[in-house]
file entry_34.cif (mmCIF, C-alpha atoms)
data_structure
loop_
_atom_site.group_PDB
_atom_site.id
_atom_site.type_symbol
_atom_site.label_atom_id
_atom_site.label_comp_id
_atom_site.auth_asym_id
_atom_site.auth_seq_id
_atom_site.Cartn_x
_atom_site.Cartn_y
_atom_site.Cartn_z
ATOM 1 C CA MET A 23 -36.554 6.795 21.385
ATOM 2 C CA CYS A 24 -37.544 3.449 20.029
ATOM 3 C CA ALA A 25 -35.220 0.586 19.124
ATOM 4 C CA ALA A 26 -36.058 0.930 15.429
ATOM 5 C CA TYR A 27 -34.741 4.498 15.399
ATOM 6 C CA GLY A 28 -31.395 3.330 16.781
ATOM 7 C CA ALA A 29 -31.235 0.647 14.099
ATOM 8 C CA ASP A 30 -31.799 3.284 11.401
ATOM 9 C CA GLU A 31 -28.935 5.356 12.789
ATOM 10 C CA SER A 32 -26.554 2.394 12.629
ATOM 11 C CA ARG A 33 -27.610 1.655 9.021
ATOM 12 C CA ASN A 34 -26.983 5.301 8.081
ATOM 13 C CA ALA A 35 -23.571 5.166 9.740
ATOM 14 C CA ASP A 36 -22.734 2.065 7.672
ATOM 15 C CA ARG A 37 -23.809 3.871 4.492
ATOM 16 C CA SER A 38 -21.595 6.864 5.260
ATOM 17 C CA GLU A 39 -18.602 4.521 5.418
ATOM 18 C CA ASP A 40 -19.528 3.086 1.997
ATOM 19 C CA ILE A 41 -19.585 6.499 0.304
ATOM 20 C CA ALA A 42 -16.541 7.079 -1.837
ATOM 21 C CA VAL A 43 -14.273 10.088 -1.535
ATOM 22 C CA GLU A 44 -14.041 12.388 -4.535
ATOM 23 C CA VAL A 45 -10.421 13.221 -5.368
ATOM 24 C CA LYS A 46 -9.322 15.979 -7.757
ATOM 25 C CA ILE A 47 -5.656 16.045 -8.704
ATOM 26 C CA GLY A 48 -4.128 18.999 -10.500
ATOM 27 C CA VAL A 49 -1.124 18.035 -12.596
ATOM 28 C CA GLN A 50 1.514 20.570 -13.632
ATOM 29 C CA HIS A 51 1.520 21.399 -17.361
ATOM 30 C CA ALA A 52 -1.772 19.544 -17.909
ATOM 31 C CA PRO A 53 -4.858 21.475 -19.039
ATOM 32 C CA ARG A 54 -7.346 19.382 -17.042
ATOM 33 C CA GLU A 55 -7.430 17.921 -13.569
ATOM 34 C CA ILE A 56 -7.831 14.221 -12.807
ATOM 35 C CA VAL A 57 -11.134 13.470 -11.055
ATOM 36 C CA LEU A 58 -11.947 10.115 -9.484
ATOM 37 C CA GLU A 59 -14.087 8.589 -6.786
ATOM 38 C CA SER A 60 -11.961 6.413 -4.547
ATOM 39 C CA GLY A 61 -13.220 3.700 -2.238
ATOM 40 C CA GLN A 62 -10.405 4.623 0.146
ATOM 41 C CA SER A 63 -11.100 6.856 3.114
ATOM 42 C CA ALA A 64 -10.077 10.514 3.018
ATOM 43 C CA GLU A 65 -7.370 9.757 5.591
ATOM 44 C CA GLU A 66 -5.903 6.968 3.418
ATOM 45 C CA VAL A 67 -5.817 9.217 0.351
ATOM 46 C CA GLU A 68 -4.269 12.041 2.360
ATOM 47 C CA ARG A 69 -1.596 9.676 3.709
ATOM 48 C CA ALA A 70 -0.783 8.424 0.180
ATOM 49 C CA VAL A 71 -0.456 12.010 -1.103
ATOM 50 C CA ALA A 72 1.720 13.035 1.851
ATOM 51 C CA ASP A 73 4.000 10.019 1.342
ATOM 52 C CA ALA A 74 4.377 10.795 -2.367
ATOM 53 C CA LEU A 75 5.149 14.458 -1.724
ATOM 54 C CA ALA A 76 7.608 13.598 1.052
ATOM 55 C CA GLY A 77 9.620 11.521 -1.419
ATOM 56 C CA LYS A 78 8.741 8.131 0.049
ATOM 57 C CA SER A 79 7.558 7.051 -3.415
ATOM 58 C CA GLN A 80 8.016 8.340 -6.952
ATOM 59 C CA LEU A 81 4.332 7.895 -7.815
ATOM 60 C CA LEU A 82 1.012 8.724 -6.238
ATOM 61 C CA SER A 83 -1.046 5.576 -6.722
ATOM 62 C CA LEU A 84 -4.813 5.617 -6.107
ATOM 63 C CA ALA A 85 -7.548 3.156 -7.051
ATOM 64 C CA ASP A 86 -11.015 4.266 -8.101
ATOM 65 C CA GLU A 87 -14.317 2.544 -7.328
ATOM 66 C CA LYS A 88 -14.171 0.538 -10.559
ATOM 67 C CA GLY A 89 -10.794 -0.959 -9.682
ATOM 68 C CA ARG A 90 -8.734 1.188 -12.055
ATOM 69 C CA LYS A 91 -5.387 2.518 -10.840
ATOM 70 C CA ILE A 92 -4.388 6.130 -11.303
ATOM 71 C CA LEU A 93 -0.662 6.826 -11.191
ATOM 72 C CA VAL A 94 0.662 10.387 -11.039
ATOM 73 C CA PRO A 95 4.353 11.296 -10.812
ATOM 74 C CA ALA A 96 4.831 12.873 -7.378
ATOM 75 C CA ASP A 97 6.945 15.725 -8.723
ATOM 76 C CA ARG A 98 4.118 16.768 -11.116
ATOM 77 C CA ILE A 99 1.363 17.132 -8.509
ATOM 78 C CA ALA A 100 0.115 20.727 -8.354
ATOM 79 C CA TYR A 101 -2.737 20.208 -5.865
ATOM 80 C CA VAL A 102 -5.060 17.574 -4.444
ATOM 81 C CA GLU A 103 -8.638 18.304 -3.396
ATOM 82 C CA LEU A 104 -10.591 15.819 -1.269
ATOM 83 C CA GLY A 105 -14.310 15.875 -0.683
ATOM 84 C CA GLU A 106 -17.518 13.922 -0.480
ATOM 85 C CA PRO A 107 -19.045 13.133 -3.882
ATOM 86 C CA ALA A 108 -22.304 14.847 -4.755
ATOM 87 C CA VAL A 109 -25.318 12.717 -3.952
ATOM 88 C CA ARG A 110 -27.127 11.749 -7.121
ATOM 89 C CA ARG A 111 -30.825 12.330 -6.697
ATOM 90 C CA VAL A 112 -33.221 10.154 -8.622
ATOM 91 C CA GLY A 113 -36.880 10.832 -9.170
ATOM 92 C CA PHE A 114 -39.196 13.776 -9.311
ATOM 93 C CA GLY A 115 -39.871 16.280 -6.596
ATOM 94 C CA ALA A 116 -39.975 19.892 -5.629
ATOM 95 C CA ILE A 117 -36.667 21.636 -5.273
#
call {"tool": "encode", "arguments": {"input": "entry_34.cif", "output": "structure tokens"}}
result
Amino acid sequence: MCAAYGADESRNADRSEDIAVEVKIGVQHAPREIVLESGQSAEEVERAVADALAGKSQLLSLADEKGRKILVPADRIAYVELGEPAVRRVGFGAI
């Protein structure tokens, strides 16, 4: 292995930390789910959801990548889905 390869690995590791987490929140009696990309880690979002559902707060409060806050009453949360956002591919190429 060369030193440049190791440097590429560390750059890729830094990029994986910068990728936002996609969060889908189902709200009771609402026809559509709330979808956002949060700059928080999956563990931070999971902790916030767990705290809201445990009654430690009345609201689930999350911030998206653009700095907007999403507030959902904890007693109206139906489900929360966490995942990596889809990578947006740019350019032309064979599929």
call {"tool": "atom_distance", "arguments": {"input": "entry_34.cif", "atom1": "CA of Gly89 in chain A", "atom2": "CA of His51 in chain A"}}
result
26.7 Å
call {"tool": "resolve_selection", "arguments": {"input": "entry_34.cif", "expression": "the PyMOL selection byres ((chain A and resi 63) around 9)", "output": "PyMOL selection string"}}
result
chain A and resi 39+41-43+60-62+64-68
call {"tool": "resolve_selection", "arguments": {"input": "entry_34.cif", "expression": "the PyMOL selection byres ((chain A and resi 96) around 6)", "output": "list of chain:residue names"}}
result
A:Ala74, A:Leu75, A:Gln80, A:Leu81, A:Leu82, A:Pro95, A:Asp97, A:Arg98, A:Ile99
call {"tool": "residues_around", "arguments": {"input": "entry_34.cif", "residues": "Glu44 in chain A", "least_positions_apart": "4", "cutoff": "8 Å", "atoms": "all atoms listed in the file", "output": "count of residues only"}}
result
8
call {"tool": "closest_residue", "arguments": {"input": "entry_34.cif", "among": "A:Val71, A:Leu84, A:Ala100, A:Ile92", "to": "Pro53 in chain A", "atoms": "all atoms listed in the file"}}
result
A:Ala100
call {"tool": "atom_distance", "arguments": {"input": "entry_34.cif", "atom1": "CA of Val45 in chain A", "atom2": "CA of Glu87 in chain A"}}
result
11.5 Å
call {"tool": "closest_residue", "arguments": {"input": "entry_34.cif", "among": "A:Ala76, A:Ile56, A:Ile47, A:Ala85", "to": "Glu103 in chain A", "atoms": "only C-alpha atoms"}}
result
A:Ile47
call {"tool": "atom_distance", "arguments": {"input": "entry_34.cif", "atom1": "CA of Ala52 in chain A", "atom2": "CA of Asp73 in chain A"}}
result
22.2 Å
call {"tool": "closest_residue", "arguments": {"input": "entry_34.cif", "among": "A:Leu93, A:Gly77, A:Ala72, A:Tyr101", "to": "Lys46 in chain A", "atoms": "all atoms listed in the file"}}
result
A:Tyr101
call {"tool": "axis_aligned_box", "arguments": {"input": "entry_34.cif", "around": "range 80-91 of chain A", "padding_each_side": "8 Å", "output": "JSON"}}
result
{"center_x": -3.2, "center_y": 3.9, "center_z": -9.1, "size_x": 38.3, "size_y": 25.7, "size_z": 21.9}
call {"tool": "decode", "arguments": {"input": "entry_34.cif", "residues": "range 68-83 of chain A", "atoms": "C-alpha atoms", "output": "PDB file, in the first residue's frame"}}
result
ATOM      1  CA  GLU A  68     -32.405   8.198  17.734  1.00  0.00           C
ATOM      2  CA  ARG A  69     -31.640   9.646  21.180  1.00  0.00           C
ATOM      3  CA  ALA A  70     -33.915  12.660  20.527  1.00  0.00           C
ATOM      4  CA  VAL A  71     -36.764  10.369  19.412  1.00  0.00           C
ATOM      5  CA  ALA A  72     -36.302   8.071  22.414  1.00  0.00           C
ATOM      6  CA  ASP A  73     -36.322  11.039  24.811  1.00  0.00           C
ATOM      7  CA  ALA A  74     -39.508  12.419  23.246  1.00  0.00           C
ATOM      8  CA  LEU A  75     -41.267   9.055  23.385  1.00  0.00           C
ATOM      9  CA  ALA A  76     -40.137   8.454  26.971  1.00  0.00           C
ATOM     10  CA  GLY A  77     -41.867  11.676  28.021  1.00  0.00           C
ATOM     11  CA  LYS A  78     -38.704  13.662  28.703  1.00  0.00           C
ATOM     12  CA  SER A  79     -40.003  16.353  26.329  1.00  0.00           C
ATOM     13  CA  GLN A  80     -43.365  17.215  24.799  1.00  0.00           C
ATOM     14  CA  LEU A  81     -41.877  17.788  21.338  1.00  0.00           C
ATOM     15  CA  LEU A  82     -39.491  16.002  19.033  1.00  0.00           C
ATOM     16  CA  SER A  83     -37.223  18.755  17.748  1.00  0.00           C
TER      17      SER A  83
END
